[in-house]
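**Q** Structure below; questions to follow.
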Amino acid sequence: MSRVRKLILGHGVNLRKSKPALKNQIHIFLRIWRNYSHHDFGLERFIRLFLASIQFFTPSLYLKQLAYGLGTTSKKILIEFYVVSKMLLPLIALACGLFQSKAILILIIVFLFETIIYITSLIFISDASRESVQPRRSLALLFVNFFEIIFDFAFMYIYFDTTQGGLFSRALNDGTGAVYFSFVTAATVGYGDIAPIVPFAKRLVIVQITLTFVFVGLFFNYFSNLLHKAQDIDTDQKFKKTRHRPKKS
């Protein structure tokens, strides 16, 4: 059991209690409102205030609030489990053939909206947060978010095609076909074997392509810069240790 714990939590477990999530989110909003961390104005200020306030309606904030009292590392593991669960939900629904479940569709739309808010917040309001951004961990979660978006749209494609019918040039009768079309759309390959033929389906495809270009492309570049900064910090620390190391006589 201890080996499994070390496998998941590692050796450097932070047992310090995490701060209340709701209180921390209020703090973030007030820092932006009062221009404590960054002097914003105009459109940028509107976006930052919107992102700080809309997070009060996301499930992850209240999950963090419930995790209050746990160690910081344990809380982060719980959030990672939640993020992976969001990615697996549409896959499980597709595998079980729950193509016409309205409840699952609503959950997927809520989770997709939350993911978009989360990724955007990392860019615009991470400076107002008390929690430091860990580049490698954030990049790993970004990969999960990327696949979550693909699987979410795969479920939406097959849901609307089976409930309304005639949305695509070829009916999406199974989960594999829906995931395939979603991957092709995200990659903007466009083989032409499956194509949207009604305005609603075309709009849905446009939304997915927009998310792929605007969000995924932009944030990969953003986190790449963070990784370079982290590597520079590691290099500087190693250099300082080597510089101050006593010479052997």
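In the structure tokens, chains take letters A, B, ... by order of appearance, with residues numbered from 1 within each chain and ligands from 1 in the order shown.
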Would you list the contacts of Arg48 in chain A as a VMD selection string, taking every protein, DNA or RNA residue within 8 Å and counting only C-alpha atoms, but skipping same-chain residues closer than 2 positions in sequence?

**A** chain A and resid 32 44 to 46 50 to 52 121 124 to 125

**Q** If you keep N, CA and C atoms, can you produce a file of those selected residues as a PDB file, in the first residue's frame?

**A**
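Ended up saving to again27.pdb:
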ATOM      1  N   ILE A  32      -8.008  41.551  -9.052  1.00  0.00           N
ATOM      2  CA  ILE A  32      -8.214  42.071 -10.410  1.00  0.00           C
ATOM      3  C   ILE A  32      -8.998  43.376 -10.376  1.00  0.00           C
ATOM      4  N   GLU A  44      -9.337  43.923 -22.052  1.00  0.00           N
ATOM      5  CA  GLU A  44      -8.597  42.981 -21.212  1.00  0.00           C
ATOM      6  C   GLU A  44      -9.186  42.938 -19.806  1.00  0.00           C
ATOM      7  N   ARG A  45      -9.525  44.086 -19.263  1.00  0.00           N
ATOM      8  CA  ARG A  45     -10.094  44.135 -17.914  1.00  0.00           C
ATOM      9  C   ARG A  45     -11.455  43.452 -17.872  1.00  0.00           C
ATOM     10  N   PHE A  46     -12.255  43.663 -18.879  1.00  0.00           N
ATOM     11  CA  PHE A  46     -13.565  43.013 -18.935  1.00  0.00           C
ATOM     12  C   PHE A  46     -13.410  41.492 -18.968  1.00  0.00           C
ATOM     13  N   PHE A  50     -14.589  38.943 -16.037  1.00  0.00           N
ATOM     14  CA  PHE A  50     -15.555  37.909 -16.413  1.00  0.00           C
ATOM     15  C   PHE A  50     -15.044  36.522 -16.021  1.00  0.00           C
ATOM     16  N   LEU A  51     -13.784  36.239 -16.315  1.00  0.00           N
ATOM     17  CA  LEU A  51     -13.218  34.930 -15.997  1.00  0.00           C
ATOM     18  C   LEU A  51     -13.151  34.700 -14.489  1.00  0.00           C
ATOM     19  N   ALA A  52     -12.852  35.746 -13.741  1.00  0.00           N
ATOM     20  CA  ALA A  52     -12.767  35.608 -12.290  1.00  0.00           C
ATOM     21  C   ALA A  52     -14.135  35.383 -11.659  1.00  0.00           C
ATOM     22  N   SER A 121      -8.372  31.030 -18.272  1.00  0.00           N
ATOM     23  CA  SER A 121      -7.953  31.676 -17.029  1.00  0.00           C
ATOM     24  C   SER A 121      -6.455  31.538 -16.798  1.00  0.00           C
ATOM     25  N   PHE A 124      -5.071  34.556 -18.753  1.00  0.00           N
ATOM     26  CA  PHE A 124      -5.444  35.927 -18.439  1.00  0.00           C
ATOM     27  C   PHE A 124      -5.370  36.286 -16.954  1.00  0.00           C
ATOM     28  N   ILE A 125      -5.603  35.320 -16.051  1.00  0.00           N
ATOM     29  CA  ILE A 125      -5.687  35.711 -14.635  1.00  0.00           C
ATOM     30  C   ILE A 125      -4.796  34.868 -13.724  1.00  0.00           C
TER      31      ILE A 125
END

**Q** Give me the residues within 12 Å of range 158-172 of chain A as a PyMOL selection string, counting only C-alpha atoms and dropping any in the same chain fewer than 4 places off.

**A** chain A and resi 90+93-94+97-106+108+151-154+176-182+192-205

**Q** To one decimal place in Å, what is the distance between CA of Ile79 in chain A and CA of Lys64 in chain A?

**A** 7.5 Å

**Q** So that I can check the secondary structure, give me every residue of range 97-226 of chain A assigned helix (DSSP H, G or I) by backbone DSSP, as a ChimeraX atom specification.

**A** /A:102-124,126-128,135-163,175-187,199-226

**Q** Got a sec: who's within 8 Å of Lys75 in chain A, counting only C-alpha atoms, leaving out chain neighbours fewer than 5 positions off, as a PyMOL selection string?

**A** chain A and resi 18+64+67-68+70

**Q** Please identify the strand (DSSP E or B) residues within range 12-183 of chain A (assignment by DSSP from backbone atoms) and present them as an NGL selection string.

**A** :A and (17 or 68 or 70-71 or 168)

**Q** Put those residues in a file: N, CA and C atoms, as a PDB file, in the first residue's frame.

**A**
ATOM      1  N   LYS A  17      -2.233  22.216   4.840  1.00  0.00           N
ATOM      2  CA  LYS A  17      -3.646  22.287   4.474  1.00  0.00           C
ATOM      3  C   LYS A  17      -3.860  23.316   3.376  1.00  0.00           C
ATOM      4  N   TYR A  68     -11.157  21.167   1.139  1.00  0.00           N
ATOM      5  CA  TYR A  68     -10.479  22.022   2.117  1.00  0.00           C
ATOM      6  C   TYR A  68     -10.155  21.201   3.366  1.00  0.00           C
ATOM      7  N   LEU A  70      -7.620  18.977   3.307  1.00  0.00           N
ATOM      8  CA  LEU A  70      -6.670  17.997   2.818  1.00  0.00           C
ATOM      9  C   LEU A  70      -5.323  18.658   2.570  1.00  0.00           C
ATOM     10  N   GLY A  71      -4.291  17.861   2.471  1.00  0.00           N
ATOM     11  CA  GLY A  71      -2.995  18.401   2.112  1.00  0.00           C
ATOM     12  C   GLY A  71      -3.023  18.942   0.700  1.00  0.00           C
ATOM     13  N   PHE A 168     -25.214  14.592 -41.083  1.00  0.00           N
ATOM     14  CA  PHE A 168     -23.966  14.343 -41.798  1.00  0.00           C
ATOM     15  C   PHE A 168     -24.228  13.545 -43.066  1.00  0.00           C
TER      16      PHE A 168
END

**Q** Please determine, counting only C-alpha atoms, which residue among A:Asn145, A:Ser60, A:Gln25, A:Gln208 has the shortest atom-to-atom distance to Val84 in chain A.

**A**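 Between A:Asn145, A:Ser60, A:Gln25, A:Gln208, the residue approaching Val84 in chain A most closely is A:Asn145.
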
**Q** Where does range 107-147 of chain A meet range 34-42 of chain A within 12 Å, residue by residue, with the nearest atom pair and distance in Å to one decimal for each, counting only C-alpha atoms, listed by chain and rising number, as a tab-separated table?

**A**
residue	atom	partner	partner_atom	distance
A:Phe124	CA	A:His38	CA	10.3
A:Ile125	CA	A:His38	CA	9.3
A:Ser126	CA	A:Ser37	CA	9.9
A:Asp127	CA	A:Ser37	CA	6.5
A:Ala128	CA	A:Ser37	CA	5.8
A:Ser129	CA	A:Ser37	CA	9.2
A:Arg130	CA	A:Ser37	CA	10.7

**Q** In Å, how far is it from CA of Thr120 in chain A to CA of Val214 in chain A?

**A**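 Separation between CA of Thr120 in chain A and CA of Val214 in chain A: 10.2 Å.
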
**Q** For Glu80 in chain A, work out the shell of residues within 12 Å, counting only C-alpha atoms and skipping chain neighbours fewer than 2 positions away, then give it as a PyMOL selection string.

**A** chain A and resi 8-9+60+63-64+73-78+82-87+137-138+140-142+144-145

**Q** Write out the residues from the selection above, keeping N, CA, C and O atoms, as a compact mmCIF listing (two decimals), in the first residue's frame.

**A**
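Okay, this is what ended up in part33.txt:
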# COMPACT_ATOMS: atom_id res chain seq x y z
N ILE A 8 1.78 7.31 -6.54
CA ILE A 8 0.84 8.37 -6.89
C ILE A 8 1.29 9.72 -6.35
O ILE A 8 1.29 10.73 -7.06
N LEU A 9 1.69 9.74 -5.08
CA LEU A 9 2.00 11.01 -4.43
C LEU A 9 3.47 11.38 -4.47
O LEU A 9 3.82 12.54 -4.24
N SER A 60 -15.70 22.54 -10.42
CA SER A 60 -14.38 22.29 -9.85
C SER A 60 -14.09 23.19 -8.66
O SER A 60 -13.40 22.78 -7.72
N LEU A 63 -15.65 21.57 -5.74
CA LEU A 63 -14.90 20.35 -5.41
C LEU A 63 -13.66 20.72 -4.60
O LEU A 63 -13.32 20.03 -3.62
N LYS A 64 -12.98 21.79 -5.00
CA LYS A 64 -11.83 22.27 -4.24
C LYS A 64 -12.24 22.72 -2.85
O LYS A 64 -11.51 22.53 -1.88
N THR A 73 -0.99 18.48 -1.76
CA THR A 73 -0.73 17.44 -2.76
C THR A 73 -1.96 16.57 -2.97
O THR A 73 -2.33 16.25 -4.11
N SER A 74 -2.64 16.19 -1.89
CA SER A 74 -3.84 15.36 -1.99
C SER A 74 -4.94 16.09 -2.76
O SER A 74 -5.67 15.48 -3.56
N LYS A 75 -5.07 17.39 -2.52
CA LYS A 75 -6.09 18.17 -3.23
C LYS A 75 -5.80 18.20 -4.73
O LYS A 75 -6.70 18.08 -5.56
N LYS A 76 -4.54 18.35 -5.10
CA LYS A 76 -4.16 18.39 -6.51
C LYS A 76 -4.42 17.03 -7.18
O LYS A 76 -4.85 16.98 -8.33
N ILE A 77 -4.15 15.94 -6.45
CA ILE A 77 -4.44 14.61 -6.99
C ILE A 77 -5.93 14.44 -7.20
O ILE A 77 -6.37 13.87 -8.21
N LEU A 78 -6.75 14.96 -6.29
CA LEU A 78 -8.21 14.88 -6.43
C LEU A 78 -8.67 15.65 -7.66
O LEU A 78 -9.53 15.17 -8.41
N TYR A 82 -10.50 14.31 -11.11
CA TYR A 82 -11.71 14.94 -11.65
C TYR A 82 -11.53 15.28 -13.13
O TYR A 82 -12.43 15.05 -13.95
N VAL A 83 -10.37 15.81 -13.49
CA VAL A 83 -10.09 16.18 -14.89
C VAL A 83 -10.08 14.94 -15.78
O VAL A 83 -10.66 14.95 -16.88
N VAL A 84 -9.44 13.87 -15.31
CA VAL A 84 -9.42 12.63 -16.09
C VAL A 84 -10.82 12.04 -16.21
O VAL A 84 -11.20 11.52 -17.26
N SER A 85 -11.62 12.15 -15.16
CA SER A 85 -13.00 11.64 -15.19
C SER A 85 -13.83 12.39 -16.22
O SER A 85 -14.66 11.79 -16.92
N LYS A 86 -13.60 13.71 -16.34
CA LYS A 86 -14.31 14.49 -17.36
C LYS A 86 -13.96 14.00 -18.76
O LYS A 86 -14.81 13.99 -19.65
N MET A 87 -12.71 13.62 -18.96
CA MET A 87 -12.30 13.11 -20.26
C MET A 87 -12.91 11.74 -20.55
O MET A 87 -13.31 11.45 -21.68
N ARG A 137 3.13 20.19 -14.85
CA ARG A 137 1.83 19.65 -14.44
C ARG A 137 0.71 20.26 -15.27
O ARG A 137 -0.21 19.57 -15.70
N SER A 138 0.79 21.57 -15.52
CA SER A 138 -0.23 22.24 -16.32
C SER A 138 -0.23 21.73 -17.75
O SER A 138 -1.28 21.59 -18.37
N ALA A 140 0.67 18.68 -18.69
CA ALA A 140 0.08 17.34 -18.66
C ALA A 140 -1.44 17.42 -18.62
O ALA A 140 -2.15 16.68 -19.32
N LEU A 141 -1.97 18.34 -17.81
CA LEU A 141 -3.42 18.52 -17.74
C LEU A 141 -3.97 19.08 -19.04
O LEU A 141 -5.11 18.77 -19.43
N LEU A 142 -3.16 19.87 -19.75
CA LEU A 142 -3.60 20.42 -21.03
C LEU A 142 -3.81 19.31 -22.05
O LEU A 142 -4.75 19.36 -22.85
N VAL A 144 -4.74 16.29 -21.37
CA VAL A 144 -6.01 15.66 -20.99
C VAL A 144 -7.18 16.52 -21.46
O VAL A 144 -8.18 16.01 -21.99
N ASN A 145 -7.08 17.83 -21.28
CA ASN A 145 -8.13 18.75 -21.73
C ASN A 145 -8.33 18.69 -23.24
O ASN A 145 -9.46 18.78 -23.74
